[in-house]
Every structure is written in structure tokens, then in C-alpha cells.
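Report on the structure given below.
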Amino acid sequence: MIAKTEGIVLKSFDFRETSRIATFFTLDFGKVKGVLKGIRKDPGKFGSSVDRFSVNDLVYYQHRHSDIHLVSHCDMKEYFYPLRADLKKMTAASYVLELVDALMPAEEENTEIYRLMQDFFKSLQTAHDTGKLVHAFQIKILSLSGFRPHLENCVRCPNMIQGTARFSLKHGGLLCPSCQGASGETVAISRGAVASILHIQKSPWPAVLRLALALSIRKELKYVLNHFLVFHLERHLRSARFLT
Ligand SMILES: [Zn+2]
């Protein structure tokens, strides 16, 4: 079957003598892997060099017995090129590509995550506050991929929580004092950090851009979100340690 869509390049590597294999996050089919045959022998064969940070119009033949499909057309539609000139932005963008690749299963459609990535890359090009964008992306992708942290009350009982709470990595939510006993690893989280996460979860992207985050809240978000993501992914992301 022939599939037509658009996709953001998550990563690519050389394959055999003349080809490349690229992983795209596509608008219509989620994460898709494809081979671009002959692209290194004849760079003009495709209208794109499948660089990271590029958005491409794609046509590919869906392979029935392999997860690597045959890409027949790949034309660059948009390129978030300015990111390459700024180390901080490039690190943030690389982290997001790696996070999407690690978090999303193959070929599971998720249009909202595609739109979120577009919003993120567009904002990142002109933003000064890259840290806030990364936190907002982490919070939104957790919700959109089914891992939304439970922060309204205790995740294990109906108790409401006052003051500084404990966040359970295993249960993905806050714990009241009586549920904290045997719930595995927990991290402390303040009311302010909880309120910021809830606000970002509910707000559309343009409103997130206007949000002011105090330095102490940023530090907490970084700590809690990174721990929670590492717990889910069961590994550290290579680019995460370069984030500031
Ligand atoms: Zn409880």
C-alpha cells in the first residue's frame, strides 16, 4: 500500500553503500522508519537530505513484513535551520527528537504529538527561554502519550494533599502521607511546581509561551520530570545531560 504524509526527521543513518535509513515522526502514521535507496549516490534523487530538524513531504510503500518501508518521495517542506546555529537550542531540539523516538511506539498515529513538535520547533527558533519550552514539551507529551501525572489528589486514595507532597515515580502521581509507605521511589514536589504542571497541562501552547516560571520551580520541574521520564523509559537519554 502506498502511504502519503509529512514527517519530521527524528534520526537517520547511512545504510549499505548508497542508501540511508531515516526515522520520521509523521502526521498520519506516527513513528515510521524508511529506507531512501540511492540517496548518497545521487543526492538529487530526493528533494531532501533527510537532515534532523527538517519537515518532509513523504510517499512510501508500506512493507508488510518489515518495519522498514521503502520511501519513494521525500521533499523538504520546512527546515528549522536556525536551531543549528545555537548550541543551547540545538541541544533542546535534539533532546525532543530523542524523547519522541524513545517514548513513542512504532506506527501509532498521534496527530496531537505531531502538532506539539511543530509548535515546539517553531517557538524554539525565536525563544530565549529554551528551558521553559523543554519543560512544557515534557509535560504535554506525557499527557498525550498516556502518562499524564496524577496531581489533583492522592493517586492511590481520595485524599487531598496539602503543602509539599511526594510524587511517586511508579504510580505516576502524588501520594498522601498515609499512602507513602510502600510506594517505591518518591521525590518531593512543592505546591507551586504542582500548580505549574497543572497549568501547562490545561493551557494551549500560546498560553504556555506567556507563562513565567520562577527559578526554584524550574529546578523542581527539571528534577521531577527527568526522574519520571527516566523511570518510564527505563534509561537515560543521551542528550538529556547536556540540557541546561
Ligand atoms: Zn493516599
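Labeling convention for the C-alpha cells: chains A, B, ... as they appear, residues from 1 per chain, ligands from 1 in order of appearance.
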Which of stretch 54-118 of chain A end up as alpha helix (DSSP H) when DSSP is run on this backbone - answer as a ChimeraX atom specification?
/A:87-103,111-118
Would you list the contacts of stretch 123-129 of chain A as JSON, numbers by chain, taking every protein, DNA or RNA residue within 10 Å and counting only C-alpha atoms, but skipping same-chain residues closer than 3 positions in sequence?
{"A": [80, 81, 82, 83, 84, 86, 88, 89, 90, 92, 93, 117, 118, 119, 120, 132, 133, 134, 205, 206, 209]}
Dump as a Markdown table the rows for residues of chain A within 9 Å of ligand 1: closest atom pair and distance in Å with one decimal, only C-alpha atoms and all ligand atoms counted, ordered by chain and rising residue number.
```
| residue | atom | partner | partner_atom_place_in_ligand_line | distance |
| --- | --- | --- | --- | --- |
| A:Asn153 | CA | ligand 1 | 1 (Zn) | 8.0 |
| A:Cys154 | CA | ligand 1 | 1 (Zn) | 4.6 |
| A:Val155 | CA | ligand 1 | 1 (Zn) | 6.5 |
| A:Arg156 | CA | ligand 1 | 1 (Zn) | 4.9 |
| A:Cys157 | CA | ligand 1 | 1 (Zn) | 4.1 |
| A:Pro158 | CA | ligand 1 | 1 (Zn) | 6.4 |
| A:Asn159 | CA | ligand 1 | 1 (Zn) | 5.3 |
| A:Met160 | CA | ligand 1 | 1 (Zn) | 7.9 |
| A:Ile161 | CA | ligand 1 | 1 (Zn) | 8.5 |
| A:Leu174 | CA | ligand 1 | 1 (Zn) | 8.2 |
| A:Leu175 | CA | ligand 1 | 1 (Zn) | 5.3 |
| A:Cys176 | CA | ligand 1 | 1 (Zn) | 4.2 |
| A:Pro177 | CA | ligand 1 | 1 (Zn) | 6.7 |
| A:Ser178 | CA | ligand 1 | 1 (Zn) | 5.7 |
| A:Cys179 | CA | ligand 1 | 1 (Zn) | 4.4 |
| A:Gln180 | CA | ligand 1 | 1 (Zn) | 7.4 |
```
A:Ser216: which residues within 10 Å, counting only C-alpha atoms, same-chain residues fewer than 3 positions away excluded, as a ChimeraX atom specification?
/A:190,192-193,213,219-221
Using N, CA and C atoms, can you write the selected residues to a file as an mmCIF file, in the first residue's frame?
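What follows is the written file again38.cif:
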```cif
data_model
loop_
_atom_site.group_PDB
_atom_site.id
_atom_site.type_symbol
_atom_site.label_atom_id
_atom_site.label_comp_id
_atom_site.auth_asym_id
_atom_site.auth_seq_id
_atom_site.Cartn_x
_atom_site.Cartn_y
_atom_site.Cartn_z
ATOM 1 N N SER A 190 6.748 20.736 45.369
ATOM 2 C CA SER A 190 6.038 21.815 46.071
ATOM 3 C C SER A 190 4.682 22.091 45.421
ATOM 4 N N GLY A 192 3.750 24.899 44.333
ATOM 5 C CA GLY A 192 3.997 25.774 43.181
ATOM 6 C C GLY A 192 4.331 24.977 41.924
ATOM 7 N N ALA A 193 5.156 23.946 42.094
ATOM 8 C CA ALA A 193 5.526 23.116 40.944
ATOM 9 C C ALA A 193 4.314 22.323 40.446
ATOM 10 N N LEU A 213 8.008 31.318 34.866
ATOM 11 C CA LEU A 213 8.363 30.267 35.839
ATOM 12 C C LEU A 213 9.530 30.751 36.694
ATOM 13 N N LYS A 219 13.864 24.443 38.680
ATOM 14 C CA LYS A 219 14.763 23.415 39.209
ATOM 15 C C LYS A 219 13.979 22.176 39.600
ATOM 16 N N GLU A 220 12.840 22.393 40.237
ATOM 17 C CA GLU A 220 12.000 21.264 40.647
ATOM 18 C C GLU A 220 11.446 20.520 39.444
ATOM 19 N N LEU A 221 10.944 21.296 38.467
ATOM 20 C CA LEU A 221 10.361 20.664 37.275
ATOM 21 C C LEU A 221 11.406 19.806 36.582
#
```
Near A:Asp75, counting only C-alpha atoms, which residues have an atom at most 8 Å away, once you skip same-chain residues fewer than 2 positions from it, shown as JSON, numbers by chain?
{"A": [46, 47, 48, 56, 57, 58, 73, 77]}
Save out the residues we just selected, C-alpha atoms, as a PDB file, in the first residue's frame.
```pdb
ATOM      1  CA  PHE A  46      15.182  13.142  -3.371  1.00  0.00           C
ATOM      2  CA  GLY A  47      14.255  16.738  -2.659  1.00  0.00           C
ATOM      3  CA  SER A  48      15.670  16.464   0.844  1.00  0.00           C
ATOM      4  CA  ASN A  56       9.373  16.487   4.693  1.00  0.00           C
ATOM      5  CA  ASP A  57       6.545  15.520   2.370  1.00  0.00           C
ATOM      6  CA  LEU A  58       6.738  11.764   2.116  1.00  0.00           C
ATOM      7  CA  HIS A  73       9.471  10.542  -2.474  1.00  0.00           C
ATOM      8  CA  LYS A  77       8.907  21.220   3.257  1.00  0.00           C
TER       9      LYS A  77
END
```
Compile the contact shell of A:Thr5 as a ChimeraX atom specification: residues with an atom at most 8 Å away, counting only C-alpha atoms, same-chain residues fewer than 4 positions apart removed.
/A:26-29,57-59
Strand (DSSP E) positions in stretch 180-213 of chain A, given as a list in words
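Here are the strand (DSSP E) residues of stretch 180-213 of chain A: Thr186, Val187, Ala188 and Ile189 of chain A.
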Any chance you can output those residues with N, CA and C atoms as an mmCIF file, in the first residue's frame?
```cif
data_model
loop_
_atom_site.group_PDB
_atom_site.id
_atom_site.type_symbol
_atom_site.label_atom_id
_atom_site.label_comp_id
_atom_site.auth_asym_id
_atom_site.auth_seq_id
_atom_site.Cartn_x
_atom_site.Cartn_y
_atom_site.Cartn_z
ATOM 1 N N THR A 186 10.078 7.994 45.653
ATOM 2 C CA THR A 186 9.292 9.222 45.524
ATOM 3 C C THR A 186 10.224 10.422 45.520
ATOM 4 N N VAL A 187 9.743 11.525 44.938
ATOM 5 C CA VAL A 187 10.503 12.775 45.004
ATOM 6 C C VAL A 187 9.588 13.869 45.548
ATOM 7 N N ALA A 188 10.187 14.815 46.280
ATOM 8 C CA ALA A 188 9.402 15.911 46.858
ATOM 9 C C ALA A 188 8.979 16.874 45.758
ATOM 10 N N ILE A 189 7.783 17.421 45.885
ATOM 11 C CA ILE A 189 7.318 18.422 44.912
ATOM 12 C C ILE A 189 6.459 19.451 45.632
#
```
Need the shell around A:Ile68: protein/DNA/RNA residues with any atom at most 12 Å away, counting only C-alpha atoms. Skip same-chain ones fewer than 3 positions apart. Format as a tab-separated table (two decimals) with N, CA and C atoms, in the first residue's frame?
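Written out: result.tsv:
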```
chain	number	residue	atom	x	y	z
A	15	PHE	N	23.11	3.53	5.22
A	15	PHE	CA	22.77	2.11	5.10
A	15	PHE	C	23.37	1.56	3.82
A	20	ARG	N	20.22	5.53	2.83
A	20	ARG	CA	20.06	5.97	4.21
A	20	ARG	C	18.76	5.42	4.76
A	21	ILE	N	18.78	5.14	6.07
A	21	ILE	CA	17.54	4.78	6.75
A	21	ILE	C	17.20	5.93	7.69
A	22	ALA	N	15.97	6.40	7.59
A	22	ALA	CA	15.55	7.53	8.43
A	22	ALA	C	14.32	7.14	9.25
A	23	THR	N	14.25	7.68	10.46
A	23	THR	CA	13.05	7.53	11.28
A	23	THR	C	12.36	8.89	11.30
A	24	PHE	N	11.08	8.88	10.90
A	24	PHE	CA	10.29	10.11	10.87
A	24	PHE	C	9.19	10.02	11.92
A	31	LYS	N	5.33	7.19	14.31
A	31	LYS	CA	6.76	6.97	14.05
A	31	LYS	C	6.94	5.92	12.95
A	32	VAL	N	7.61	6.32	11.88
A	32	VAL	CA	7.77	5.46	10.71
A	32	VAL	C	9.24	5.43	10.30
A	33	LYS	N	9.71	4.22	10.01
A	33	LYS	CA	11.09	4.06	9.56
A	33	LYS	C	11.10	3.75	8.07
A	34	GLY	N	11.99	4.39	7.32
A	34	GLY	CA	12.01	4.14	5.88
A	34	GLY	C	13.41	4.16	5.32
A	35	VAL	N	13.61	3.44	4.22
A	35	VAL	CA	14.90	3.45	3.54
A	35	VAL	C	14.80	4.34	2.30
A	36	LEU	N	15.82	5.19	2.13
A	36	LEU	CA	15.89	6.04	0.94
A	36	LEU	C	17.02	5.48	0.08
A	37	LYS	N	16.62	4.67	-0.86
A	37	LYS	CA	17.61	3.95	-1.68
A	37	LYS	C	18.32	4.89	-2.63
A	60	TYR	N	5.64	6.66	0.65
A	60	TYR	CA	6.38	5.40	0.85
A	60	TYR	C	5.47	4.20	0.67
A	61	TYR	N	6.11	3.07	0.33
A	61	TYR	CA	5.39	1.81	0.18
A	61	TYR	C	5.43	1.10	1.51
A	62	GLN	N	4.28	0.82	2.06
A	62	GLN	CA	4.24	0.14	3.36
A	62	GLN	C	4.59	-1.32	3.18
A	63	HIS	N	5.69	-1.69	3.82
A	63	HIS	CA	6.17	-3.06	3.75
A	63	HIS	C	5.36	-3.91	4.72
A	64	ARG	N	4.88	-5.05	4.24
A	64	ARG	CA	4.02	-5.85	5.10
A	64	ARG	C	4.80	-6.69	6.12
A	65	HIS	N	6.02	-7.06	5.73
A	65	HIS	CA	6.75	-7.99	6.59
A	65	HIS	C	7.98	-7.37	7.25
A	71	VAL	N	10.90	4.35	0.88
A	71	VAL	CA	10.49	5.74	0.61
A	71	VAL	C	10.72	6.04	-0.87
A	106	ALA	N	6.26	2.33	17.49
A	106	ALA	CA	6.26	2.45	16.03
A	106	ALA	C	4.83	2.46	15.49
A	107	GLU	N	4.62	3.30	14.49
A	107	GLU	CA	3.39	3.31	13.70
A	107	GLU	C	2.11	3.37	14.52
```
Pick out the closest residue to A:Leu215 from this set: A:Pro149, A:Gly131, A:Gly173, A:Gly181. Count only C-alpha atoms.
A:Gly131
Could you name the residues that touch A:His232 at 12 Å or less, counting only C-alpha atoms, but leaving out those on the same chain fewer than 2 positions away, as a list in words?
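In the requested form, the answer reads Leu99, Ala102, Leu103, Met104, Leu142, Ser145, Gly146, Phe147, Arg148, Pro149, Ser168, Leu169, Lys170, His171, Gly172, Leu225, Asn226, His227, Phe228, Leu229, Val230, Glu234, Arg235, His236 and Leu237 of chain A.
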